[in-house]
>>> print(open('input39.cif').read())   # mmCIF, C-alpha atoms
data_protein
#
loop_
_atom_site.label_atom_id
_atom_site.label_comp_id
_atom_site.auth_asym_id
_atom_site.auth_seq_id
_atom_site.Cartn_x
_atom_site.Cartn_y
_atom_site.Cartn_z
CA MET N 1 15.92 -8.77 8.97
CA SER N 2 16.58 -5.78 6.72
CA GLY N 3 16.26 -8.06 3.68
CA PHE N 4 12.81 -9.14 4.82
CA VAL N 5 11.74 -5.54 5.38
CA ASP N 6 12.99 -4.55 1.92
CA ALA N 7 11.09 -7.46 0.36
CA VAL N 8 7.84 -6.63 2.15
CA ALA N 9 8.04 -2.83 1.72
CA PRO N 10 6.65 -2.74 -1.87
CA TYR N 11 3.59 -4.78 -0.87
CA LEU N 12 2.92 -2.50 2.10
CA GLU N 13 3.00 0.38 -0.37
CA PHE N 14 0.53 -1.44 -2.62
CA SER N 15 -1.75 -1.89 0.41
CA ARG N 16 -1.47 1.82 1.17
CA ILE N 17 -2.34 2.63 -2.45
CA GLY N 18 -5.37 0.34 -2.28
CA PHE N 19 -6.48 2.07 0.92
CA VAL N 20 -6.01 5.57 -0.51
CA ASN N 21 -7.60 4.81 -3.89
CA ILE N 22 -10.80 3.65 -2.27
CA LEU N 23 -11.20 7.07 -0.59
CA ALA N 24 -12.62 8.29 -3.89
CA PHE N 25 -15.60 5.97 -3.41
CA ARG N 26 -16.58 6.84 0.16
CA LEU N 27 -20.21 7.52 -0.74
CA ARG N 28 -20.50 4.00 -2.15
CA TYR N 29 -19.73 2.58 1.29
CA PHE N 30 -22.33 4.71 3.02
CA THR N 31 -24.93 3.36 0.59
CA GLY N 32 -23.37 -0.08 1.14
CA ILE N 33 -24.35 0.07 4.80
CA ILE N 34 -27.96 0.56 3.74
CA THR N 35 -27.72 -2.20 1.13
CA TYR N 36 -26.27 -4.78 3.52
CA THR N 37 -28.80 -3.85 6.21
CA LEU N 38 -31.64 -4.28 3.69
CA ASN N 39 -30.27 -7.70 2.67
CA VAL N 40 -30.25 -8.84 6.28
CA THR N 41 -33.77 -7.43 6.78
CA ILE N 42 -35.11 -9.35 3.77
CA TYR N 43 -33.62 -12.62 5.00
CA TYR N 44 -34.93 -11.89 8.50
CA PHE N 45 -38.50 -11.82 7.23
CA ILE N 46 -37.96 -14.84 4.97
CA TRP N 47 -36.64 -17.03 7.77
CA SER N 48 -39.20 -15.69 10.23
CA ALA N 49 -41.88 -16.91 7.82
CA VAL N 50 -40.20 -20.31 7.43
CA TYR N 51 -39.81 -21.05 11.14
CA HIS N 52 -42.62 -21.85 13.55
CA PRO N 53 -42.21 -20.69 17.18
CA GLY N 54 -39.65 -22.85 18.94
CA GLN N 55 -38.86 -24.81 15.77
CA SER N 56 -35.37 -26.02 14.90
CA ILE N 57 -34.40 -26.82 11.29
CA ALA N 58 -31.17 -28.68 10.47
CA GLY N 59 -29.92 -27.87 13.95
CA TYR N 60 -30.60 -24.13 13.76
CA SER N 61 -33.15 -22.26 15.83
CA LEU N 62 -34.60 -19.03 14.45
CA PRO N 63 -32.31 -16.78 16.58
CA GLN N 64 -29.31 -18.81 15.42
CA MET N 65 -30.40 -18.57 11.79
CA ILE N 66 -30.89 -14.79 12.02
CA THR N 67 -27.45 -14.50 13.60
CA TYR N 68 -25.95 -16.79 10.95
CA ILE N 69 -27.33 -14.74 8.05
CA SER N 70 -26.56 -11.39 9.68
CA VAL N 71 -22.97 -12.18 10.62
CA GLY N 72 -22.52 -13.81 7.20
CA TRP N 73 -23.39 -10.58 5.40
CA ILE N 74 -21.30 -8.54 7.82
CA ILE N 75 -18.13 -10.54 7.17
CA ARG N 76 -18.89 -10.60 3.44
CA SER N 77 -18.49 -6.84 3.41
CA PHE N 78 -14.90 -7.44 4.56
CA TYR N 79 -13.68 -10.43 2.57
CA ILE N 80 -15.27 -9.57 -0.79
CA ASN N 81 -13.08 -7.85 -3.38
CA THR N 82 -13.05 -7.01 -7.09
CA ILE N 83 -9.60 -8.21 -8.16
CA ASP N 84 -11.09 -10.12 -11.10
CA GLN N 85 -13.06 -7.14 -12.43
CA GLU N 86 -10.12 -4.76 -12.12
CA MET N 87 -7.77 -7.20 -13.85
CA ALA N 88 -10.29 -7.64 -16.66
CA TYR N 89 -10.42 -3.87 -17.22
CA GLU N 90 -6.64 -3.60 -17.23
CA VAL N 91 -6.33 -6.39 -19.81
CA ILE N 92 -8.92 -4.74 -22.07
CA GLU N 93 -7.26 -1.32 -21.75
CA GLY N 94 -3.72 -2.69 -22.10
CA LYS N 95 -2.68 -1.43 -18.65
CA ILE N 96 -1.78 -4.96 -17.56
CA ALA N 97 1.54 -4.40 -19.38
CA MET N 98 2.66 -2.17 -16.52
CA ASP N 99 2.30 -5.08 -14.09
CA LEU N 100 4.68 -7.17 -16.18
CA ILE N 101 7.57 -4.72 -15.79
CA LYS N 102 7.29 -4.30 -12.02
CA PRO N 103 9.92 -6.26 -10.04
CA VAL N 104 7.31 -7.77 -7.72
CA SER N 105 5.02 -10.79 -7.53
CA VAL N 106 1.94 -9.81 -9.54
CA PRO N 107 -0.44 -12.05 -7.54
CA TRP N 108 0.75 -10.55 -4.26
CA MET N 109 0.64 -7.06 -5.72
CA TRP N 110 -3.08 -7.46 -6.40
CA ILE N 111 -3.75 -9.16 -3.08
CA SER N 112 -1.87 -6.40 -1.25
CA ARG N 113 -4.05 -3.81 -2.92
CA ALA N 114 -7.11 -5.81 -1.87
CA ILE N 115 -5.78 -5.86 1.71
CA GLY N 116 -5.68 -2.06 1.72
CA GLU N 117 -9.22 -1.87 0.35
CA SER N 118 -10.52 -4.38 2.89
CA ALA N 119 -8.84 -2.43 5.70
CA PHE N 120 -10.74 0.64 4.51
CA ARG N 121 -14.04 -1.26 4.27
CA LEU N 122 -13.49 -2.68 7.75
CA GLY N 123 -13.79 0.78 9.26
CA LEU N 124 -16.28 2.39 6.89
CA LEU N 125 -18.57 -0.53 5.99
CA THR N 126 -18.10 -3.70 8.06
CA LEU N 127 -18.07 -2.21 11.56
CA PRO N 128 -20.90 0.31 10.99
CA THR N 129 -23.02 -2.43 9.41
CA ALA N 130 -22.25 -4.75 12.34
CA ILE N 131 -23.32 -2.10 14.85
CA ILE N 132 -26.59 -1.30 13.05
CA VAL N 133 -27.54 -4.92 12.35
CA SER N 134 -26.67 -6.04 15.90
CA PHE N 135 -28.80 -3.25 17.35
CA VAL N 136 -31.81 -3.88 15.09
CA PHE N 137 -31.89 -7.69 15.15
CA HIS N 138 -30.39 -8.45 18.59
CA LEU N 139 -27.83 -10.95 17.33
CA GLN N 140 -26.35 -13.66 19.49
CA ALA N 141 -22.82 -13.09 20.76
CA PRO N 142 -20.04 -15.55 19.84
CA ALA N 143 -20.23 -18.84 21.72
CA SER N 144 -17.07 -17.97 23.68
CA GLY N 145 -14.02 -15.71 23.60
CA ALA N 146 -11.94 -18.51 22.10
CA ASP N 147 -14.58 -19.06 19.42
CA LEU N 148 -14.43 -15.34 18.61
CA LEU N 149 -10.67 -15.50 18.08
CA LEU N 150 -10.97 -18.61 15.90
CA PHE N 151 -13.83 -16.94 14.02
CA LEU N 152 -11.66 -13.90 13.24
CA LEU N 153 -8.88 -16.19 12.02
CA GLY N 154 -11.45 -17.89 9.80
CA VAL N 155 -12.61 -14.52 8.39
CA LEU N 156 -8.99 -13.70 7.52
CA GLY N 157 -8.77 -17.04 5.74
CA SER N 158 -11.99 -16.17 3.89
CA PHE N 159 -10.34 -13.02 2.56
CA PHE N 160 -7.36 -14.92 1.17
CA LEU N 161 -9.58 -17.61 -0.35
CA MET N 162 -11.66 -14.99 -2.15
CA SER N 163 -8.54 -13.12 -3.24
CA ALA N 164 -6.93 -16.25 -4.70
CA ILE N 165 -10.13 -17.27 -6.51
CA ASN N 166 -10.69 -13.76 -7.87
CA PHE N 167 -7.09 -13.48 -9.04
CA MET N 168 -7.38 -16.74 -10.98
CA ILE N 169 -10.65 -15.56 -12.52
CA GLY N 170 -9.04 -12.23 -13.38
CA THR N 171 -6.09 -14.00 -15.01
CA CYS N 172 -8.56 -15.74 -17.31
CA ALA N 173 -9.02 -12.34 -18.99
CA ILE N 174 -5.62 -12.83 -20.65
CA PRO N 175 -6.65 -15.78 -22.86
CA LEU N 176 -10.40 -15.01 -22.94
CA LYS N 177 -10.30 -11.19 -23.17
CA SER N 178 -13.89 -10.86 -21.88
CA ILE N 179 -14.76 -12.61 -18.61
CA LEU N 180 -17.99 -10.84 -17.64
CA ALA N 181 -20.01 -14.06 -17.87
CA LEU N 182 -17.33 -15.93 -15.90
CA ILE N 183 -17.37 -13.30 -13.15
CA ARG N 184 -21.16 -13.52 -12.88
CA ALA N 185 -21.08 -17.33 -12.75
CA LYS N 186 -18.39 -17.21 -10.05
CA PHE N 187 -20.43 -14.71 -8.05
CA TRP N 188 -23.57 -16.85 -7.88
CA LEU N 189 -21.62 -20.07 -7.41
CA ILE N 190 -19.78 -18.71 -4.38
CA GLU N 191 -22.88 -17.05 -2.94
CA LEU N 192 -24.58 -20.46 -2.91
CA LEU N 193 -21.75 -22.90 -2.19
CA SER N 194 -20.00 -20.76 0.43
CA GLY N 195 -22.96 -21.20 2.76
CA LEU N 196 -23.75 -17.48 2.80
CA LEU N 197 -27.34 -17.77 1.57
CA ILE N 198 -28.18 -20.99 3.43
CA PRO N 199 -26.05 -23.17 5.73
CA MET N 200 -24.47 -26.23 4.17
CA SER N 201 -26.46 -28.28 6.70
CA TYR N 202 -29.54 -27.66 4.57
CA PHE N 203 -28.00 -29.38 1.55
CA PRO N 204 -28.70 -33.09 0.89
CA GLU N 205 -26.19 -35.41 2.53
CA LYS N 206 -24.71 -36.59 -0.78
CA ALA N 207 -24.26 -32.99 -1.94
CA ARG N 208 -22.54 -32.08 1.34
CA ALA N 209 -20.16 -35.02 0.94
CA VAL N 210 -19.12 -33.74 -2.49
CA LEU N 211 -18.93 -30.07 -1.51
CA ALA N 212 -16.77 -30.91 1.52
CA TRP N 213 -13.92 -31.59 -0.94
CA LEU N 214 -14.15 -28.06 -2.35
CA PRO N 215 -12.86 -24.81 -0.78
CA PHE N 216 -16.07 -22.78 -1.11
CA GLN N 217 -17.72 -23.68 2.20
CA HIS N 218 -14.67 -22.36 4.07
CA ILE N 219 -15.43 -18.84 2.84
CA ALA N 220 -18.56 -18.33 4.94
CA TYR N 221 -19.87 -21.58 6.44
CA THR N 222 -16.76 -22.50 8.43
CA PRO N 223 -16.32 -19.12 10.20
CA LEU N 224 -20.05 -18.90 10.92
CA GLN N 225 -20.16 -22.42 12.38
CA ILE N 226 -17.33 -21.44 14.69
CA TYR N 227 -19.05 -18.18 15.67
CA LEU N 228 -22.23 -20.03 16.68
CA GLY N 229 -20.31 -22.70 18.58
CA LYS N 230 -21.54 -25.47 16.28
CA LEU N 231 -18.04 -26.97 16.25
CA ASP N 232 -16.20 -28.10 19.36
CA ARG N 233 -12.57 -27.03 19.74
CA PRO N 234 -10.94 -29.97 17.87
CA GLN N 235 -13.51 -29.67 15.06
CA ALA N 236 -12.98 -25.91 14.82
CA LEU N 237 -9.21 -26.27 14.66
CA GLN N 238 -9.51 -29.00 12.04
CA ALA N 239 -11.88 -26.85 9.95
CA LEU N 240 -9.51 -23.88 10.17
CA ALA N 241 -6.54 -26.06 9.29
CA THR N 242 -8.41 -27.28 6.21
CA GLN N 243 -9.33 -23.72 5.31
CA TRP N 244 -5.73 -22.50 5.48
CA VAL N 245 -4.48 -25.50 3.52
CA TRP N 246 -6.87 -24.39 0.80
CA VAL N 247 -5.49 -20.86 1.10
CA VAL N 248 -1.96 -22.14 0.43
CA VAL N 249 -3.13 -24.41 -2.39
CA LEU N 250 -5.16 -21.72 -4.16
CA LEU N 251 -2.47 -19.06 -3.79
CA THR N 252 0.05 -21.49 -5.26
CA LEU N 253 -2.30 -22.33 -8.14
CA ALA N 254 -2.94 -18.61 -8.70
CA ASN N 255 0.78 -17.96 -9.02
CA LEU N 256 1.26 -20.91 -11.41
CA TRP N 257 -1.75 -19.89 -13.51
CA TRP N 258 -0.43 -16.32 -13.78
CA SER N 259 3.05 -17.52 -14.75
CA ARG N 260 1.58 -19.66 -17.52
CA ALA N 261 -0.99 -17.17 -18.81
CA SER N 262 1.32 -14.13 -18.77
CA ARG N 263 3.69 -15.84 -21.23
CA ARG N 264 0.99 -15.63 -23.89
CA ILE N 265 -0.37 -12.20 -23.11
CA THR N 266 -1.50 -9.97 -25.96
CA ILE N 267 -1.80 -6.30 -25.10
CA GLN N 268 -4.82 -4.44 -26.50
CA GLY N 269 -5.43 -0.72 -26.36
CA GLY N 270 -3.22 1.49 -24.17
#
>>> encode(input="input39.cif", output="structure tokens")
Amino acid sequence: MSGFVDAVAPYLEFSRIGFVNILAFRLRYFTGIITYTLNVTIYYFIWSAVYHPGQSIAGYSLPQMITYISVGWIIRSFYINTIDQEMAYEVIEGKIAMDLIKPVSVPWMWISRAIGESAFRLGLLTLPTAIIVSFVFHLQAPASGADLLLFLLGVLGSFFLMSAINFMIGTCAIPLKSILALIRAKFWLIELLSGLLIPMSYFPEKARAVLAWLPFQHIAYTPLQIYLGKLDRPQALQALATQWVWVVVLLTLANLWWSRASRRITIQGG
């Protein structure tokens, strides 16, 4: 037991550092509450214009669609992180060399820092945004208590999926040096294919069949489907199982990609 505690202790410290470091940017999270609320408001008016009274599109009524979009942006404020951007800066400045000499897993070091930052955002951004948006737009509650628990497990999986993807993108800074264009492409790709902007149900059937083989829809679409009760219990458990399989696969690939890329690292600056 003591060996496990000793092994985990450094990563808990990295999480604490991530939590403390983000204190310097508190004002950004107060403005973030306004930004996320404005995003939800914009989509509220867009979907209100699309729907006719009593209309259902792709299985979603207007109240369900407003809830889908609102909860989607709320959980995004938790699972999003900037591992890729921070790694890119460290490569450019030569600070990535310090990561190489630390006796820890570099992927888990970065993910642990992101955990600390997300814990901070949970209290200062996600929960305040949830309270304001729920009050303004009268969102639907989760389909059931069990669905709420499965939804929260799905949101946790969303965090690890985003962290693994961002770490792999950040690692690309080692061979490419500049990954600004790659980060932007990843951002818009995930915004669309995760189901955050529109549910995957709106995509053509052939596109859905292809996208079902990719991990992106498990970032937003899967948790939101569970929240709304669109999946029965076996379907929800299967979707979560698939999501967490992708978590394991992507974390494994992230570690392998780092191991390969770090052998050819060239330090600039610093």
>>> residues_around(input="input39.cif", residues="Gln235 (chain N)", least_positions_apart="6", cutoff="12 Å", atoms="only C-alpha atoms", output="number ranges by chain")
N: 147, 150, 222-223, 225-226, 229, 241-242
>>> closest_residue(input="input39.cif", among="N:Val91, N:Ile80, N:Ala209, N:Val50", to="Met162 (chain N)", atoms="all atoms listed in the file")
N:Ile80
>>> resolve_selection(input="input39.cif", expression="the PyMOL selection byres ((chain N and resi 189-197) around 8)", output="ChimeraX atom specification")
/N:69,72-73,185-188,198-200,211,216-221
>>> write_last_selection(input="input39.cif", atoms="C-alpha atoms", output="PDB file, in the frame of the given file")
ATOM      1  CA  ILE N  69     -27.330 -14.740   8.050  1.00  0.00           C
ATOM      2  CA  GLY N  72     -22.520 -13.810   7.200  1.00  0.00           C
ATOM      3  CA  TRP N  73     -23.390 -10.580   5.400  1.00  0.00           C
ATOM      4  CA  ALA N 185     -21.080 -17.330 -12.750  1.00  0.00           C
ATOM      5  CA  LYS N 186     -18.390 -17.210 -10.050  1.00  0.00           C
ATOM      6  CA  PHE N 187     -20.430 -14.710  -8.050  1.00  0.00           C
ATOM      7  CA  TRP N 188     -23.570 -16.850  -7.880  1.00  0.00           C
ATOM      8  CA  ILE N 198     -28.180 -20.990   3.430  1.00  0.00           C
ATOM      9  CA  PRO N 199     -26.050 -23.170   5.730  1.00  0.00           C
ATOM     10  CA  MET N 200     -24.470 -26.230   4.170  1.00  0.00           C
ATOM     11  CA  LEU N 211     -18.930 -30.070  -1.510  1.00  0.00           C
ATOM     12  CA  PHE N 216     -16.070 -22.780  -1.110  1.00  0.00           C
ATOM     13  CA  GLN N 217     -17.720 -23.680   2.200  1.00  0.00           C
ATOM     14  CA  HIS N 218     -14.670 -22.360   4.070  1.00  0.00           C
ATOM     15  CA  ILE N 219     -15.430 -18.840   2.840  1.00  0.00           C
ATOM     16  CA  ALA N 220     -18.560 -18.330   4.940  1.00  0.00           C
ATOM     17  CA  TYR N 221     -19.870 -21.580   6.440  1.00  0.00           C
TER      18      TYR N 221
END
>>> resolve_selection(input="input39.cif", expression="the PyMOL selection byres ((chain N and resi 182) around 12)", output="NGL selection string")
:N and (84-85 or 88 or 165-166 or 168-173 or 176-181 or 183-189)
>>> closest_residue(input="input39.cif", among="N:Leu149, N:Leu62, N:Leu256, N:Leu156", to="Ala236 (chain N)", atoms="only C-alpha atoms")
N:Leu149
>>> atom_distance(input="input39.cif", atom1="CA of Val133 (chain N)", atom2="CA of Pro63 (chain N)")
13.5 Å
>>> residues_around(input="input39.cif", residues="Phe137 (chain N)", least_positions_apart="4", cutoff="10 Å", atoms="only C-alpha atoms", output="list in words")
Val40, Thr41, Tyr44, Pro63, Ile66, Thr67, Ser70, Ile132 and Val133 of chain N
>>> residues_around(input="input39.cif", residues="Ala143 (chain N)", least_positions_apart="5", cutoff="8 Å", atoms="all atoms listed in the file", output="ChimeraX atom specification")
/N:148,227-229
>>> resolve_selection(input="input39.cif", expression="the PyMOL selection byres ((chain N and resi 262) around 12)", output="mmCIF file with C-alpha atoms, in the frame of the given file")
data_model
loop_
_atom_site.group_PDB
_atom_site.id
_atom_site.type_symbol
_atom_site.label_atom_id
_atom_site.label_comp_id
_atom_site.auth_asym_id
_atom_site.auth_seq_id
_atom_site.Cartn_x
_atom_site.Cartn_y
_atom_site.Cartn_z
ATOM 1 C CA VAL N 91 -6.330 -6.390 -19.810
ATOM 2 C CA ILE N 96 -1.780 -4.960 -17.560
ATOM 3 C CA ALA N 97 1.540 -4.400 -19.380
ATOM 4 C CA ASP N 99 2.300 -5.080 -14.090
ATOM 5 C CA LEU N 100 4.680 -7.170 -16.180
ATOM 6 C CA ILE N 101 7.570 -4.720 -15.790
ATOM 7 C CA VAL N 106 1.940 -9.810 -9.540
ATOM 8 C CA PRO N 107 -0.440 -12.050 -7.540
ATOM 9 C CA MET N 168 -7.380 -16.740 -10.980
ATOM 10 C CA GLY N 170 -9.040 -12.230 -13.380
ATOM 11 C CA THR N 171 -6.090 -14.000 -15.010
ATOM 12 C CA CYS N 172 -8.560 -15.740 -17.310
ATOM 13 C CA ALA N 173 -9.020 -12.340 -18.990
ATOM 14 C CA ILE N 174 -5.620 -12.830 -20.650
ATOM 15 C CA PRO N 175 -6.650 -15.780 -22.860
ATOM 16 C CA ALA N 254 -2.940 -18.610 -8.700
ATOM 17 C CA ASN N 255 0.780 -17.960 -9.020
ATOM 18 C CA LEU N 256 1.260 -20.910 -11.410
ATOM 19 C CA TRP N 257 -1.750 -19.890 -13.510
ATOM 20 C CA TRP N 258 -0.430 -16.320 -13.780
ATOM 21 C CA SER N 259 3.050 -17.520 -14.750
ATOM 22 C CA ARG N 260 1.580 -19.660 -17.520
ATOM 23 C CA ALA N 261 -0.990 -17.170 -18.810
ATOM 24 C CA ARG N 263 3.690 -15.840 -21.230
ATOM 25 C CA ARG N 264 0.990 -15.630 -23.890
ATOM 26 C CA ILE N 265 -0.370 -12.200 -23.110
ATOM 27 C CA THR N 266 -1.500 -9.970 -25.960
ATOM 28 C CA ILE N 267 -1.800 -6.300 -25.100
#
>>> atom_distance(input="input39.cif", atom1="CA of Ser48 (chain N)", atom2="CA of Ser134 (chain N)")
16.8 Å
>>> closest_residue(input="input39.cif", among="N:Leu12, N:Leu139, N:Val245, N:Val71", to="Gly157 (chain N)", atoms="only C-alpha atoms")
N:Val245
>>> atom_distance(input="input39.cif", atom1="CA of Leu152 (chain N)", atom2="CA of Leu251 (chain N)")
20.0 Å
>>> closest_residue(input="input39.cif", among="N:Met65, N:Leu237, N:Ile46, N:Leu161", to="Leu214 (chain N)", atoms="only C-alpha atoms")
N:Leu161
